[in-house]
Structure formats: C-alpha cells, structure tokens
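A short worksheet on the structure shown next.
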Amino acid sequence: MNLTAATVTVYFIGVVNFYDPRTTEVTREVVVPLASSATSVYATLPLKPHVAQLIVTGIDGTDPQKDCQDKLGGQWSADTCTVAPVSGRKITLPASTETLDTSGFSGVPNLRTLCKTMGGIKRRYLDTAASYAARLTLKTGTLGVCSKDKAWVAKLILTDPTGELSLNGDGNGVKLKDKAVVQIANLTSVGGSELSHFSWHYKMYDTPVQCSALPQSPTAQNADPCPDDIVHFHGLVSASGVGCSPTQYP
C-alpha cells in the first residue's frame with residue numbers, strides 16, 4: 001500500500017454479515033439485516049432488536065452539511081453526518097485502486113465453522129429490501145479486522161478512492177475527504193444474552209438444526225484494537241460483547 005495515498009476507512013460494527021458468492025471475481029456481498037423487530041425469534045430464541053445507522057465523518061465539498069441533509073437524509077453535528085435508522089438501502093462506496101483483498105479478514109467469525117450443518121443464505125436477505133437495513137457489494141479495497149471491547153469489528157480500507165458514497169445506488173451521493181471515516185453499524189440499546197444478539201446471523205441462513213455456538217472473543221485472538229472514536233456500544237455488556245460482532249460465510 002502506498003503510504004502517501006489518500007485513504008477512506010469503513011467500519012462495519014455489530015450484526016453485519018459478509019457473504020462470499022464464490023464467483024470468479026473476489027467479491028463480498030454485505031448484508032446488514034433489518035433486525036429492529038422486538039418480536040423476532042430464531043427457532044425458539046427471542047432476538048433482541050438492533051438499529052442500523054450510517055455515520056460519516058469527512059464529507060468533502062463547499063457545503064458538507066447541506067450534502068449530508070439533502071443527499072444522505074442525515075443529521076449534521078460536529079462535522080459528522082448520521083443517518084438513522086437505515087432501512088432497505090443499497091449503499092455504494094467509492095472505489096479503491098486495488099481489487100478486494102481479504103487475506104487479513106480471517107479473524108471475523110465464520111458461520112460455517114460455528115455451525116457445520118448450516119446451508120446457504122436465504123435469498124431475501126440479498127434481494128428483498130424489506131429484509132435488509134442495508135446492502136453493499138464489495139469489489140475493491142482491503143478487508144481487515146479490529147476489536148472494540150469484546151466484539152469483533154470489520155474494517156475496509158479504500159486507497160485513492162474515486163466516486164461517491166451513495167445511500168440509494170443512484171449516484172446521487174457525497175464525495176469524501178482523505179482520511180474520511182464511514183461507520184455502518186447495526187447495534188442495540190437492549191440487554192440480553194450474547195446469543196440473543198448473535199443469532200440474528202443464524203436467522204439469515206438455512207439451518208437444519210438450531211445453531212447455538214458463539215465465536216471466541218477478539219481478546220482471545222489478540223486482535224488489534226479499533227480507534228476509540230468509533231461508535232459507542234451504549235455502555236451495555238451485551239452490546240459490546242462477542243454477540244454483537246460481524247460474521248462471514250462460508
């Protein structure tokens with residue numbers, strides 16, 4: 001990586017799944033499930049509601065506040081644009097100069113490892129806006145991991161990015177400055193067991209038997225810590241534990 005190159009860093013925090021479609025091109029389909037219902041269950045396990053949000057620091061242009069409000073529909077405060085809740089959106093990120101590199105992504109919990117009987121993803125989470133809060137297709141950048149408290153966090157570094165960040169996939173987006181930070185989070189303000197959060201991942205997939213395994217925490221894997229200024233986890237142990245971590249499949 002060119003150390004003098006401009007960069008944008010994207011953090012994926014909380015209940016976010018990275019699905020590998022196993023095509024000839026290295027890609028990841030990112031699913032932020034719509035998990036806001038307080039009555040959802042996985043098998044017989046009640047699931048805790050999560051709310052998706054987009055937080056952008058470093059919008060470029062002559063009037064970033066106006067672009068935040070008009071182009072992203074967000075709220076502007078302290079040079080940061082926050083869109084919440086996010087529902088049924090296809091997010092487009094600027095393109096990086098390199099094709100997608102996933103060599104540093106192995107630390108993110110793997111669903112097939114945790115539940116060996118697991119089948120494929122339910123297609124509605126890829127195709128139906130009523131089932132996802134946000135969807136992205138990643139084709140460029142460098143995927144890696146860091147840790148926040150006891151939760152895993154996925155991060156994507158875009159080098160010399162071109163194009164805009166859009167919430168609608170229609171090109172009507174915002175340009176980002178060098179060192180801009182984008183956070184795509186799906187978090188809770190409700191307590192509960194780790195499994196009552198993590199099982200949103202299992203709910204997205206065909207599971208012939210009920211899966212109940214939790215991944216190891218990043219502290220056990222010596223993962224690098226995330227920056228202190230990424231989105232807070234509401235001070236709840238259940239929201240900062242391994243249950244509110246991203247996953248990958250297979």
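To be explicit about the labels: the chains of the structure tokens are called A, B, and onward in the order shown, and within each one the residues are counted from 1, while ligands get numbers from 1 in the order they are shown.
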Could you give me, as a Markdown table, a per-residue list for segment 125-210 of chain A showing, wherever an atom lies at most 10 Å from an atom of segment 38-59 of chain A, the closest pair of atoms and their distance in Å to one decimal, using only C-alpha atoms and sorting by chain then residue number from low to high?
| residue | atom | partner | partner_atom | distance |
| --- | --- | --- | --- | --- |
| A:Tyr132 | CA | A:Ala52 | CA | 9.7 |
| A:Ala133 | CA | A:Ala52 | CA | 6.4 |
| A:Ala134 | CA | A:Ala52 | CA | 8.0 |
| A:Glu164 | CA | A:Ile59 | CA | 9.9 |
| A:Leu165 | CA | A:Ile59 | CA | 9.3 |
| A:Leu167 | CA | A:Leu54 | CA | 9.3 |
| A:Val174 | CA | A:Ile59 | CA | 6.6 |
| A:Lys175 | CA | A:Ile59 | CA | 6.0 |
| A:Leu176 | CA | A:Ile59 | CA | 4.6 |
| A:Lys177 | CA | A:Gly58 | CA | 5.3 |
| A:Asp178 | CA | A:Gly58 | CA | 7.6 |
| A:Lys179 | CA | A:Gly58 | CA | 7.3 |
| A:Ala180 | CA | A:Gly58 | CA | 4.4 |
| A:Val181 | CA | A:Thr57 | CA | 5.3 |
| A:Val182 | CA | A:Val56 | CA | 4.6 |
| A:Gln183 | CA | A:Ile55 | CA | 5.0 |
| A:Ile184 | CA | A:Leu54 | CA | 4.8 |
| A:Ala185 | CA | A:Gln53 | CA | 5.4 |
| A:Asn186 | CA | A:Ala52 | CA | 4.1 |
| A:Leu187 | CA | A:His50 | CA | 4.9 |
| A:Thr188 | CA | A:His50 | CA | 4.4 |
| A:Ser189 | CA | A:His50 | CA | 7.5 |
| A:Val190 | CA | A:Lys48 | CA | 6.7 |
| A:Gly191 | CA | A:Lys48 | CA | 7.7 |
| A:Gly192 | CA | A:Lys48 | CA | 7.1 |
| A:Ser193 | CA | A:Lys48 | CA | 8.9 |
| A:Glu194 | CA | A:Lys48 | CA | 9.7 |
| A:Leu195 | CA | A:Leu47 | CA | 8.3 |
| A:Ser196 | CA | A:Leu47 | CA | 4.7 |
| A:His197 | CA | A:Lys48 | CA | 5.8 |
| A:Phe198 | CA | A:Leu47 | CA | 8.6 |
| A:Ser199 | CA | A:Tyr42 | CA | 6.6 |
| A:Trp200 | CA | A:Leu47 | CA | 7.0 |
| A:His201 | CA | A:Tyr42 | CA | 9.5 |
| A:Tyr202 | CA | A:Tyr42 | CA | 7.5 |
| A:Lys203 | CA | A:Tyr42 | CA | 5.6 |
| A:Met204 | CA | A:Tyr42 | CA | 9.4 |
| A:Thr207 | CA | A:Ala43 | CA | 9.7 |
| A:Val209 | CA | A:Ala43 | CA | 9.0 |
| A:Gln210 | CA | A:Ala43 | CA | 6.6 |
Considering only C-alpha atoms, tabulate each residue of segment 46-147 of chain A that lies at most 12 Å from segment 10-29 of chain A along with its nearest interatomic pair and the corresponding distance in Å to one decimal; arrange the rows by chain and ascending residue number and present them as CSV.
residue,atom,partner,partner_atom,distance
A:Leu47,CA,A:Val15,CA,11.9
A:Lys48,CA,A:Val15,CA,11.2
A:Pro49,CA,A:Val15,CA,10.6
A:His50,CA,A:Val15,CA,8.0
A:Val51,CA,A:Val15,CA,9.5
A:Ala52,CA,A:Val15,CA,8.9
A:Gln53,CA,A:Ile13,CA,9.8
A:Leu54,CA,A:Phe12,CA,9.8
A:Ile55,CA,A:Tyr11,CA,9.7
A:Val56,CA,A:Val10,CA,9.2
A:Thr57,CA,A:Val10,CA,10.5
A:Gly58,CA,A:Val10,CA,11.8
A:Lys90,CA,A:Glu29,CA,11.2
A:Ile91,CA,A:Glu29,CA,11.4
A:Thr92,CA,A:Val10,CA,11.8
A:Leu93,CA,A:Val10,CA,9.1
A:Pro94,CA,A:Val10,CA,10.5
A:Ser96,CA,A:Val10,CA,11.8
A:Glu98,CA,A:Val26,CA,11.4
A:Thr99,CA,A:Val26,CA,7.7
A:Leu100,CA,A:Val26,CA,6.2
A:Asp101,CA,A:Val26,CA,8.0
A:Thr102,CA,A:Val26,CA,8.5
A:Ser103,CA,A:Val26,CA,11.2
A:Phe105,CA,A:Phe18,CA,10.4
A:Ser106,CA,A:Phe18,CA,11.6
A:Val108,CA,A:Phe18,CA,9.3
A:Pro109,CA,A:Asn17,CA,9.7
A:Asn110,CA,A:Phe18,CA,9.5
A:Leu111,CA,A:Asn17,CA,9.4
A:Arg112,CA,A:Tyr19,CA,11.2
A:Gly120,CA,A:Tyr19,CA,9.4
A:Ile121,CA,A:Tyr19,CA,8.0
A:Lys122,CA,A:Tyr19,CA,11.1
A:Arg123,CA,A:Tyr19,CA,11.4
A:Tyr125,CA,A:Asn17,CA,10.2
A:Leu126,CA,A:Glu29,CA,7.9
A:Asp127,CA,A:Glu29,CA,10.9
A:Tyr132,CA,A:Val16,CA,10.2
A:Ala133,CA,A:Val16,CA,10.0
A:Ala134,CA,A:Val16,CA,9.3
A:Arg135,CA,A:Glu29,CA,7.4
A:Leu136,CA,A:Glu29,CA,6.0
A:Thr137,CA,A:Glu29,CA,4.7
A:Leu138,CA,A:Arg28,CA,5.1
A:Lys139,CA,A:Thr27,CA,4.9
A:Thr140,CA,A:Thr27,CA,7.9
A:Gly141,CA,A:Val10,CA,9.9
A:Thr142,CA,A:Val10,CA,10.2
A:Leu143,CA,A:Val10,CA,9.4
A:Gly144,CA,A:Tyr11,CA,9.6
A:Val145,CA,A:Tyr11,CA,9.0
A:Cys146,CA,A:Tyr11,CA,9.3
A:Ser147,CA,A:Ile13,CA,9.8
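Minimum distance to Val242 of chain A across A:Lys150, A:Thr219, A:Ser36, A:Leu158 (counting only C-alpha atoms) occurs at A:Lys150.
Considering only segment 68-224 of chain A, backbone DSSP assigns helix (DSSP H, G or I) to Cys68, Gln69, Asp70, Lys71, Leu111, Arg112, Thr113, Leu114, Arg124, Tyr125, Leu126, Asp127, Ala129, Ala130, Ser131, Glu194, Leu195, Ser196, His197, Phe198, Ser199, Trp200, His201, Tyr202, Lys203, Pro218, Thr219, Ala220 and Gln221 of chain A.
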Taking C-alpha atoms for each residue, export the selection above as a JSON list (two decimals), in the first residue's frame.
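out18.json written:
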[["chain", "number", "residue", "atom", "x", "y", "z"],
["A", 68, "CYS", "CA", -25.46, 15.41, 4.40],
["A", 69, "GLN", "CA", -29.04, 16.55, 4.69],
["A", 70, "ASP", "CA", -30.02, 16.66, 1.01],
["A", 71, "LYS", "CA", -28.12, 13.71, -0.42],
["A", 111, "LEU", "CA", -20.60, -19.17, 10.41],
["A", 112, "ARG", "CA", -19.80, -22.49, 8.76],
["A", 113, "THR", "CA", -17.11, -23.13, 11.36],
["A", 114, "LEU", "CA", -19.53, -22.34, 14.18],
["A", 124, "ARG", "CA", -34.50, -12.48, 0.58],
["A", 125, "TYR", "CA", -31.63, -11.03, 2.62],
["A", 126, "LEU", "CA", -29.78, -10.37, -0.63],
["A", 127, "ASP", "CA", -32.66, -9.33, -2.87],
["A", 129, "ALA", "CA", -35.39, -4.54, 0.70],
["A", 130, "ALA", "CA", -37.92, -5.47, 3.39],
["A", 131, "SER", "CA", -35.40, -7.96, 4.81],
["A", 194, "GLU", "CA", -24.91, -12.85, 23.77],
["A", 195, "LEU", "CA", -26.81, -15.50, 21.81],
["A", 196, "SER", "CA", -29.97, -13.37, 21.66],
["A", 197, "HIS", "CA", -27.91, -10.87, 19.63],
["A", 198, "PHE", "CA", -25.64, -13.17, 17.65],
["A", 199, "SER", "CA", -28.46, -15.44, 16.47],
["A", 200, "TRP", "CA", -29.61, -12.77, 14.01],
["A", 201, "HIS", "CA", -26.78, -14.19, 11.89],
["A", 202, "TYR", "CA", -28.14, -17.71, 12.14],
["A", 203, "LYS", "CA", -31.63, -16.48, 11.25],
["A", 218, "PRO", "CA", -11.13, -10.94, 19.80],
["A", 219, "THR", "CA", -9.23, -10.68, 23.08],
["A", 220, "ALA", "CA", -8.58, -14.42, 22.84],
["A", 221, "GLN", "CA", -7.21, -13.91, 19.32]]
Inset, instruction - Would you kindly return, as an NGL selection string, each protein, DNA or RNA residue with an atom no farther than 12 Å from any atom of Lys66 of chain A, considering only C-alpha atoms and excluding same-chain residues fewer than 3 positions away? - result: :A and (59-63 or 69-77 or 79-81 or 173-174)
Those residues with N, CA, C and O atoms, as a PDB file, in the first residue's frame please?
ATOM      1  N   ILE A  59     -17.018  14.460   4.947  1.00  0.00           N
ATOM      2  CA  ILE A  59     -17.653  14.758   3.665  1.00  0.00           C
ATOM      3  C   ILE A  59     -16.931  15.946   3.020  1.00  0.00           C
ATOM      4  O   ILE A  59     -16.680  16.960   3.664  1.00  0.00           O
ATOM      5  N   ASP A  60     -16.600  15.810   1.756  1.00  0.00           N
ATOM      6  CA  ASP A  60     -15.904  16.856   1.022  1.00  0.00           C
ATOM      7  C   ASP A  60     -16.919  17.780   0.350  1.00  0.00           C
ATOM      8  O   ASP A  60     -18.088  17.439   0.208  1.00  0.00           O
ATOM      9  N   GLY A  61     -16.447  18.965  -0.055  1.00  0.00           N
ATOM     10  CA  GLY A  61     -17.315  19.888  -0.771  1.00  0.00           C
ATOM     11  C   GLY A  61     -17.462  21.218  -0.059  1.00  0.00           C
ATOM     12  O   GLY A  61     -17.005  21.395   1.078  1.00  0.00           O
ATOM     13  N   THR A  62     -18.133  22.153  -0.720  1.00  0.00           N
ATOM     14  CA  THR A  62     -18.269  23.508  -0.178  1.00  0.00           C
ATOM     15  C   THR A  62     -19.290  23.592   0.942  1.00  0.00           C
ATOM     16  O   THR A  62     -19.219  24.477   1.790  1.00  0.00           O
ATOM     17  N   ASP A  63     -20.266  22.701   0.966  1.00  0.00           N
ATOM     18  CA  ASP A  63     -21.300  22.730   1.998  1.00  0.00           C
ATOM     19  C   ASP A  63     -21.636  21.308   2.439  1.00  0.00           C
ATOM     20  O   ASP A  63     -22.669  20.753   2.062  1.00  0.00           O
ATOM     21  N   GLN A  69     -27.589  16.496   4.538  1.00  0.00           N
ATOM     22  CA  GLN A  69     -29.042  16.545   4.687  1.00  0.00           C
ATOM     23  C   GLN A  69     -29.775  16.235   3.384  1.00  0.00           C
ATOM     24  O   GLN A  69     -30.749  15.481   3.377  1.00  0.00           O
ATOM     25  N   ASP A  70     -29.297  16.803   2.272  1.00  0.00           N
ATOM     26  CA  ASP A  70     -30.019  16.663   1.013  1.00  0.00           C
ATOM     27  C   ASP A  70     -29.736  15.348   0.291  1.00  0.00           C
ATOM     28  O   ASP A  70     -30.635  14.765  -0.316  1.00  0.00           O
ATOM     29  N   LYS A  71     -28.499  14.880   0.354  1.00  0.00           N
ATOM     30  CA  LYS A  71     -28.116  13.707  -0.423  1.00  0.00           C
ATOM     31  C   LYS A  71     -28.169  12.410   0.374  1.00  0.00           C
ATOM     32  O   LYS A  71     -28.387  11.340  -0.203  1.00  0.00           O
ATOM     33  N   LEU A  72     -27.949  12.515   1.682  1.00  0.00           N
ATOM     34  CA  LEU A  72     -27.994  11.309   2.514  1.00  0.00           C
ATOM     35  C   LEU A  72     -29.197  11.268   3.441  1.00  0.00           C
ATOM     36  O   LEU A  72     -29.496  10.228   4.024  1.00  0.00           O
ATOM     37  N   GLY A  73     -29.874  12.412   3.589  1.00  0.00           N
ATOM     38  CA  GLY A  73     -31.012  12.457   4.510  1.00  0.00           C
ATOM     39  C   GLY A  73     -30.591  12.340   5.952  1.00  0.00           C
ATOM     40  O   GLY A  73     -31.338  11.824   6.790  1.00  0.00           O
ATOM     41  N   GLY A  74     -29.381  12.846   6.264  1.00  0.00           N
ATOM     42  CA  GLY A  74     -28.844  12.689   7.598  1.00  0.00           C
ATOM     43  C   GLY A  74     -28.962  13.915   8.465  1.00  0.00           C
ATOM     44  O   GLY A  74     -29.402  14.982   8.032  1.00  0.00           O
ATOM     45  N   GLN A  75     -28.552  13.754   9.711  1.00  0.00           N
ATOM     46  CA  GLN A  75     -28.474  14.846  10.682  1.00  0.00           C
ATOM     47  C   GLN A  75     -27.012  15.246  10.830  1.00  0.00           C
ATOM     48  O   GLN A  75     -26.136  14.392  10.937  1.00  0.00           O
ATOM     49  N   TRP A  76     -26.760  16.554  10.860  1.00  0.00           N
ATOM     50  CA  TRP A  76     -25.393  17.071  10.890  1.00  0.00           C
ATOM     51  C   TRP A  76     -25.051  17.599  12.272  1.00  0.00           C
ATOM     52  O   TRP A  76     -25.783  18.397  12.846  1.00  0.00           O
ATOM     53  N   SER A  77     -23.908  17.155  12.802  1.00  0.00           N
ATOM     54  CA  SER A  77     -23.449  17.652  14.096  1.00  0.00           C
ATOM     55  C   SER A  77     -21.950  17.407  14.206  1.00  0.00           C
ATOM     56  O   SER A  77     -21.477  16.289  13.942  1.00  0.00           O
ATOM     57  N   ASP A  79     -19.338  18.168  12.444  1.00  0.00           N
ATOM     58  CA  ASP A  79     -18.683  17.689  11.215  1.00  0.00           C
ATOM     59  C   ASP A  79     -18.976  16.230  10.898  1.00  0.00           C
ATOM     60  O   ASP A  79     -18.223  15.593  10.147  1.00  0.00           O
ATOM     61  N   THR A  80     -20.016  15.698  11.475  1.00  0.00           N
ATOM     62  CA  THR A  80     -20.370  14.299  11.250  1.00  0.00           C
ATOM     63  C   THR A  80     -21.824  14.197  10.802  1.00  0.00           C
ATOM     64  O   THR A  80     -22.705  14.866  11.341  1.00  0.00           O
ATOM     65  N   CYS A  81     -22.051  13.347   9.815  1.00  0.00           N
ATOM     66  CA  CYS A  81     -23.395  13.104   9.283  1.00  0.00           C
ATOM     67  C   CYS A  81     -23.879  11.743   9.779  1.00  0.00           C
ATOM     68  O   CYS A  81     -23.208  10.731   9.593  1.00  0.00           O
ATOM     69  N   GLY A 173     -24.685  10.998  -4.535  1.00  0.00           N
ATOM     70  CA  GLY A 173     -24.051  10.805  -3.245  1.00  0.00           C
ATOM     71  C   GLY A 173     -23.121  11.934  -2.875  1.00  0.00           C
ATOM     72  O   GLY A 173     -23.200  13.039  -3.424  1.00  0.00           O
ATOM     73  N   VAL A 174     -22.219  11.654  -1.941  1.00  0.00           N
ATOM     74  CA  VAL A 174     -21.287  12.664  -1.431  1.00  0.00           C
ATOM     75  C   VAL A 174     -19.857  12.193  -1.670  1.00  0.00           C
ATOM     76  O   VAL A 174     -19.562  11.000  -1.624  1.00  0.00           O
TER      77      VAL A 174
END
Inset, instruction - Would you list, as number ranges by chain, the residues of segment 14-77 of chain A that end up in strand (DSSP E or B) under DSSP run on this structure's backbone? - result: A: 14, 17-19, 28-33, 41-42, 45-46, 51-59, 75-77
